[in-house]
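This is entry.pdb. It holds PDB, C-alpha atoms, pLDDT in the B column.
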ATOM      1  CA  MET A  17      90.957 139.489 104.226  1.00 56.00           C
ATOM      2  CA  ASP A  18      87.232 139.709 104.677  1.00 70.00           C
ATOM      3  CA  MET A  19      85.824 136.549 106.253  1.00 73.00           C
ATOM      4  CA  LYS A  20      82.733 136.622 104.017  1.00 80.00           C
ATOM      5  CA  LYS A  21      84.885 136.625 100.871  1.00 80.00           C
ATOM      6  CA  LEU A  22      87.007 133.826 102.278  1.00 75.00           C
ATOM      7  CA  ALA A  23      83.929 131.755 103.126  1.00 77.00           C
ATOM      8  CA  THR A  24      82.489 132.331  99.652  1.00 83.00           C
ATOM      9  CA  GLY A  25      85.764 131.356  97.995  1.00 81.00           C
ATOM     10  CA  LEU A  26      86.087 128.209 100.079  1.00 79.00           C
ATOM     11  CA  THR A  27      82.486 127.248  99.353  1.00 83.00           C
ATOM     12  CA  GLY A  28      83.119 127.643  95.623  1.00 85.00           C
ATOM     13  CA  LEU A  29      86.293 125.592  95.921  1.00 82.00           C
ATOM     14  CA  SER A  30      84.438 122.837  97.748  1.00 83.00           C
ATOM     15  CA  PHE A  31      81.816 122.698  94.970  1.00 87.00           C
ATOM     16  CA  LEU A  32      84.585 122.424  92.362  1.00 85.00           C
ATOM     17  CA  ILE A  33      86.149 119.555  94.290  1.00 81.00           C
ATOM     18  CA  ILE A  34      82.755 117.832  94.538  1.00 85.00           C
ATOM     19  CA  ILE A  35      82.211 118.186  90.790  1.00 87.00           C
ATOM     20  CA  ALA A  36      85.719 116.864  90.065  1.00 80.00           C
ATOM     21  CA  GLY A  37      85.048 113.925  92.382  1.00 78.00           C
ATOM     22  CA  LEU A  38      81.780 113.117  90.618  1.00 84.00           C
ATOM     23  CA  ILE A  39      83.460 113.235  87.212  1.00 81.00           C
ATOM     24  CA  LEU A  40      86.273 110.963  88.409  1.00 76.00           C
ATOM     25  CA  THR A  41      83.793 108.559  89.991  1.00 79.00           C
ATOM     26  CA  ILE A  42      81.804 108.315  86.778  1.00 82.00           C
ATOM     27  CA  ARG A  43      84.972 107.763  84.722  1.00 76.00           C
ATOM     28  CA  ILE A  44      86.132 104.982  87.042  1.00 75.00           C
ATOM     29  CA  ALA A  45      82.664 103.396  87.244  1.00 80.00           C
ATOM     30  CA  THR A  46      82.357 103.266  83.471  1.00 80.00           C
ATOM     31  CA  GLY A  47      85.564 101.266  83.265  1.00 74.00           C
ATOM     32  CA  SER A  48      87.720 103.845  81.597  1.00 69.00           C
ATOM     33  CA  GLU A  49      90.975 102.137  82.645  1.00 64.00           C
ATOM     34  CA  SER A  50      93.219 104.719  81.027  1.00 70.00           C
ATOM     35  CA  SER A  51      91.827 107.448  83.261  1.00 65.00           C
ATOM     36  CA  ILE A  52      92.233 105.669  86.602  1.00 68.00           C
ATOM     37  CA  SER A  53      95.950 106.327  87.142  1.00 73.00           C
ATOM     38  CA  PRO A  54      95.868 110.057  86.302  1.00 74.00           C
ATOM     39  CA  SER A  55      92.693 110.378  88.336  1.00 70.00           C
ATOM     40  CA  LEU A  56      94.405 108.885  91.352  1.00 76.00           C
ATOM     41  CA  TYR A  57      97.232 111.402  91.039  1.00 81.00           C
ATOM     42  CA  LEU A  58      94.643 114.157  90.907  1.00 77.00           C
ATOM     43  CA  VAL A  59      93.008 112.759  94.046  1.00 77.00           C
ATOM     44  CA  TYR A  60      96.404 112.603  95.788  1.00 85.00           C
ATOM     45  CA  GLY A  61      97.030 116.217  94.841  1.00 86.00           C
ATOM     46  CA  CYS A  62      93.630 117.280  96.154  1.00 82.00           C
ATOM     47  CA  MET A  63      94.262 115.417  99.405  1.00 86.00           C
ATOM     48  CA  ILE A  64      97.610 117.143  99.838  1.00 91.00           C
ATOM     49  CA  LEU A  65      96.063 120.544  99.107  1.00 86.00           C
ATOM     50  CA  ALA A  66      93.183 119.915 101.515  1.00 85.00           C
ATOM     51  CA  GLY A  67      95.526 118.708 104.260  1.00 89.00           C
ATOM     52  CA  GLY A  68      97.806 121.680 103.750  1.00 89.00           C
ATOM     53  CA  ALA A  69      94.871 124.097 103.805  1.00 86.00           C
ATOM     54  CA  ALA A  70      93.551 122.526 107.011  1.00 87.00           C
ATOM     55  CA  ILE A  71      96.942 122.855 108.675  1.00 88.00           C
ATOM     56  CA  ILE A  72      97.450 126.448 107.502  1.00 88.00           C
ATOM     57  CA  PHE A  73      93.962 127.594 108.521  1.00 85.00           C
ATOM     58  CA  GLY A  74      94.329 125.800 111.852  1.00 82.00           C
ATOM     59  CA  LEU A  75      97.622 127.541 112.543  1.00 83.00           C
ATOM     60  CA  VAL A  76      96.234 130.925 111.494  1.00 83.00           C
ATOM     61  CA  GLY A  77      93.242 130.431 113.791  1.00 81.00           C
ATOM     62  CA  LEU A  78      95.522 129.321 116.597  1.00 81.00           C
ATOM     63  CA  LEU A  79      97.901 132.244 116.246  1.00 82.00           C
ATOM     64  CA  THR A  80      95.219 134.916 115.840  1.00 84.00           C
ATOM     65  CA  ASN A  81      93.551 133.921 119.133  1.00 82.00           C
ATOM     66  CA  LEU A  82      96.669 133.037 121.091  1.00 83.00           C
ATOM     67  CA  LYS A  83      95.314 134.007 124.501  1.00 85.00           C
ATOM     68  CA  ARG A  84      92.128 131.983 124.069  1.00 88.00           C
ATOM     69  CA  ASN A  85      94.056 128.935 122.796  1.00 85.00           C
ATOM     70  CA  MET A  86      96.691 128.852 125.532  1.00 88.00           C
ATOM     71  CA  SER A  87      95.387 125.548 126.911  1.00 88.00           C
ATOM     72  CA  LEU A  88      95.708 124.000 123.448  1.00 86.00           C
ATOM     73  CA  LEU A  89      99.303 125.194 123.183  1.00 87.00           C
ATOM     74  CA  ILE A  90     100.102 123.782 126.615  1.00 91.00           C
ATOM     75  CA  GLY A  91      98.574 120.454 125.577  1.00 91.00           C
ATOM     76  CA  LEU A  92     100.571 120.374 122.327  1.00 89.00           C
ATOM     77  CA  ILE A  93     103.799 121.179 124.151  1.00 93.00           C
ATOM     78  CA  GLY A  94     103.002 118.482 126.710  1.00 95.00           C
ATOM     79  CA  PHE A  95     102.387 115.965 123.942  1.00 95.00           C
ATOM     80  CA  VAL A  96     105.685 116.822 122.244  1.00 95.00           C
ATOM     81  CA  VAL A  97     107.539 116.495 125.567  1.00 97.00           C
ATOM     82  CA  LEU A  98     105.831 113.148 126.246  1.00 96.00           C
ATOM     83  CA  ALA A  99     106.725 111.884 122.770  1.00 95.00           C
ATOM     84  CA  PHE A 100     110.361 112.986 123.236  1.00 96.00           C
ATOM     85  CA  ILE A 101     110.620 111.278 126.623  1.00 96.00           C
ATOM     86  CA  CYS A 102     109.086 108.074 125.257  1.00 95.00           C
ATOM     87  CA  TYR A 103     111.432 108.155 122.266  1.00 94.00           C
ATOM     88  CA  SER A 104     114.397 108.657 124.575  1.00 94.00           C
ATOM     89  CA  ILE A 105     113.587 105.639 126.720  1.00 94.00           C
ATOM     90  CA  ALA A 106     112.350 103.369 123.925  1.00 91.00           C
ATOM     91  CA  SER A 107     114.518 100.398 123.085  1.00 87.00           C
ATOM     92  CA  ASP A 108     116.051 100.035 119.652  1.00 83.00           C
ATOM     93  CA  ASP A 109     116.450  96.278 119.880  1.00 81.00           C
ATOM     94  CA  VAL A 110     115.427  94.435 116.761  1.00 80.00           C
ATOM     95  CA  SER A 111     114.174  90.868 116.893  1.00 75.00           C
ATOM     96  CA  ARG A 112     116.258  88.361 115.008  1.00 74.00           C
ATOM     97  CA  TYR A 113     113.067  87.316 113.197  1.00 71.00           C
ATOM     98  CA  ALA A 114     112.504  90.799 111.762  1.00 72.00           C
ATOM     99  CA  ASP A 115     114.823  91.147 108.794  1.00 77.00           C
ATOM    100  CA  ASP A 116     113.342  94.300 107.297  1.00 83.00           C
ATOM    101  CA  ILE A 117     113.087  96.451 110.460  1.00 83.00           C
ATOM    102  CA  THR A 118     115.875  98.859 111.348  1.00 85.00           C
ATOM    103  CA  ALA A 119     116.873  99.989 114.834  1.00 84.00           C
ATOM    104  CA  SER A 120     115.408 103.482 114.347  1.00 87.00           C
ATOM    105  CA  GLU A 121     112.101 102.046 113.101  1.00 88.00           C
ATOM    106  CA  SER A 122     111.989  99.818 116.163  1.00 86.00           C
ATOM    107  CA  GLN A 123     112.662 102.779 118.459  1.00 90.00           C
ATOM    108  CA  ILE A 124     109.985 104.938 116.814  1.00 93.00           C
ATOM    109  CA  SER A 125     107.491 102.074 117.011  1.00 91.00           C
ATOM    110  CA  GLY A 126     108.267 101.493 120.680  1.00 91.00           C
ATOM    111  CA  ALA A 127     107.924 105.201 121.429  1.00 94.00           C
ATOM    112  CA  GLY A 128     104.572 105.332 119.636  1.00 94.00           C
ATOM    113  CA  LEU A 129     103.298 102.392 121.647  1.00 95.00           C
ATOM    114  CA  MET A 130     104.447 103.988 124.906  1.00 96.00           C
ATOM    115  CA  VAL A 131     102.735 107.281 124.041  1.00 96.00           C
ATOM    116  CA  MET A 132      99.550 105.400 123.176  1.00 97.00           C
ATOM    117  CA  TYR A 133      99.626 103.417 126.442  1.00 97.00           C
ATOM    118  CA  ILE A 134     100.170 106.556 128.524  1.00 96.00           C
ATOM    119  CA  LEU A 135      97.389 108.476 126.745  1.00 96.00           C
ATOM    120  CA  VAL A 136      94.904 105.590 126.998  1.00 97.00           C
ATOM    121  CA  ILE A 137      95.649 105.074 130.692  1.00 97.00           C
ATOM    122  CA  GLY A 138      95.317 108.829 131.247  1.00 96.00           C
ATOM    123  CA  ALA A 139      91.986 108.957 129.400  1.00 96.00           C
ATOM    124  CA  VAL A 140      90.575 106.025 131.369  1.00 97.00           C
ATOM    125  CA  ALA A 141      91.809 107.542 134.637  1.00 97.00           C
ATOM    126  CA  MET A 142      90.232 110.909 133.800  1.00 96.00           C
ATOM    127  CA  ALA A 143      86.925 109.226 132.915  1.00 96.00           C
ATOM    128  CA  VAL A 144      86.884 107.281 136.190  1.00 96.00           C
ATOM    129  CA  ILE A 145      87.878 110.336 138.246  1.00 96.00           C
ATOM    130  CA  GLY A 146      85.218 112.419 136.495  1.00 95.00           C
ATOM    131  CA  GLU A 147      82.520 109.865 137.258  1.00 95.00           C
ATOM    132  CA  VAL A 148      83.569 109.561 140.905  1.00 95.00           C
ATOM    133  CA  VAL A 149      83.584 113.347 141.326  1.00 94.00           C
ATOM    134  CA  ARG A 150      80.167 113.553 139.679  1.00 93.00           C
ATOM    135  CA  ILE A 151      78.770 110.938 142.083  1.00 92.00           C
ATOM    136  CA  PHE A 152      79.838 112.943 145.120  1.00 90.00           C
ATOM    137  CA  LYS A 153      78.530 116.296 143.853  1.00 83.00           C
TER
END
Please go through the file and, once you have read it, give me the structure as C-alpha cells.
Amino acid sequence: MDMKKLATGLTGLSFLIIIAGLILTIRIATGSESSISPSLYLVYGCMILAGGAAIIFGLVGLLTNLKRNMSLLIGLIGFVVLAFICYSIASDDVSRYADDITASESQISGAGLMVMYILVIGAVAMAVIGEVVRIFK
C-alpha cells in the first residue's frame, strides 16, 4: 500500500474521530442524559479500535524493519524473561485480612512489584553510571 494514501486515510479518520468527539462532548455538556450511555460505548469502541490500530501498525513497522529493530526485540524478550522469572519466584500467599484476593492475583501482583523494583533500580543505576562516565570523559 502506498504510504501517502495510508497517511491521507489516517488523517481523514482522525478528523472523523475529532468531529465525533466534539459532537459527543456537546451532547454531554447540554445535559442530554439519554445520550451519555450510548456515547460512552461509542468512546469505548473508538478506544479499542485506536489501541488495536496502534498495536497492528507497531507490529508491522517492527516486522518490516527487523534488522534495524533487533535491539528492541532483544529488550522485549528480556522483559518477558524477567517477568516470567519474577512470576515464578513470587509468593502466592494471601493475607488473612484480604477476603477478595485469590492466590493467583496475589502472585501476579507480587511479580509486577518485583519487575517494577528491578526496572527502577536498573534505571537509577544506569543514570548514575552514565553520569559518572560522563564526568570522566
Requested in this report: Evaluate the PyMOL selection byres ((chain A and resi 128) around 12) on the structure here and hand back the selected residues as a VMD selection string.
Outcome: chain A and resid 95 to 96 98 to 107 121 to 127 129 to 135
Could the residues in this selection be saved with C-alpha atoms as a PDB file, in the frame of the given file?
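Output below, filename again10.pdb:
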ATOM      1  CA  PHE A  95     102.387 115.965 123.942  1.00 95.00           C
ATOM      2  CA  VAL A  96     105.685 116.822 122.244  1.00 95.00           C
ATOM      3  CA  LEU A  98     105.831 113.148 126.246  1.00 96.00           C
ATOM      4  CA  ALA A  99     106.725 111.884 122.770  1.00 95.00           C
ATOM      5  CA  PHE A 100     110.361 112.986 123.236  1.00 96.00           C
ATOM      6  CA  ILE A 101     110.620 111.278 126.623  1.00 96.00           C
ATOM      7  CA  CYS A 102     109.086 108.074 125.257  1.00 95.00           C
ATOM      8  CA  TYR A 103     111.432 108.155 122.266  1.00 94.00           C
ATOM      9  CA  SER A 104     114.397 108.657 124.575  1.00 94.00           C
ATOM     10  CA  ILE A 105     113.587 105.639 126.720  1.00 94.00           C
ATOM     11  CA  ALA A 106     112.350 103.369 123.925  1.00 91.00           C
ATOM     12  CA  SER A 107     114.518 100.398 123.085  1.00 87.00           C
ATOM     13  CA  GLU A 121     112.101 102.046 113.101  1.00 88.00           C
ATOM     14  CA  SER A 122     111.989  99.818 116.163  1.00 86.00           C
ATOM     15  CA  GLN A 123     112.662 102.779 118.459  1.00 90.00           C
ATOM     16  CA  ILE A 124     109.985 104.938 116.814  1.00 93.00           C
ATOM     17  CA  SER A 125     107.491 102.074 117.011  1.00 91.00           C
ATOM     18  CA  GLY A 126     108.267 101.493 120.680  1.00 91.00           C
ATOM     19  CA  ALA A 127     107.924 105.201 121.429  1.00 94.00           C
ATOM     20  CA  LEU A 129     103.298 102.392 121.647  1.00 95.00           C
ATOM     21  CA  MET A 130     104.447 103.988 124.906  1.00 96.00           C
ATOM     22  CA  VAL A 131     102.735 107.281 124.041  1.00 96.00           C
ATOM     23  CA  MET A 132      99.550 105.400 123.176  1.00 97.00           C
ATOM     24  CA  TYR A 133      99.626 103.417 126.442  1.00 97.00           C
ATOM     25  CA  ILE A 134     100.170 106.556 128.524  1.00 96.00           C
ATOM     26  CA  LEU A 135      97.389 108.476 126.745  1.00 96.00           C
TER      27      LEU A 135
END
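One distance worth recording is that between atom CA of A:Ser111 and atom CA of A:Val97, which is 27.9 Å.
Between A:Phe73 and the residues A:Ile42, A:Ile34, A:Leu92, A:Leu22, the shortest atom-to-atom distance, using all atoms listed in the file, involves A:Leu22.
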Requested in this report: Please provide the set of residues having any atom within 12 Å of A:Ile39, restricted to only C-alpha atoms, with same-chain residues fewer than 2 positions apart removed, written as a PyMOL selection string.
Outcome: chain A and resi 32-37+41-46+48+51-52+55+58-59
Requested in this report: Rounded to one decimal place, report the atom CA of A:Ser53-atom CA of A:Ala66 distance in Å.
Outcome: 20.0 Å
Report summary line: re atom CA of A:Leu38 and atom CA of A:Cys62: distance 13.7 Å
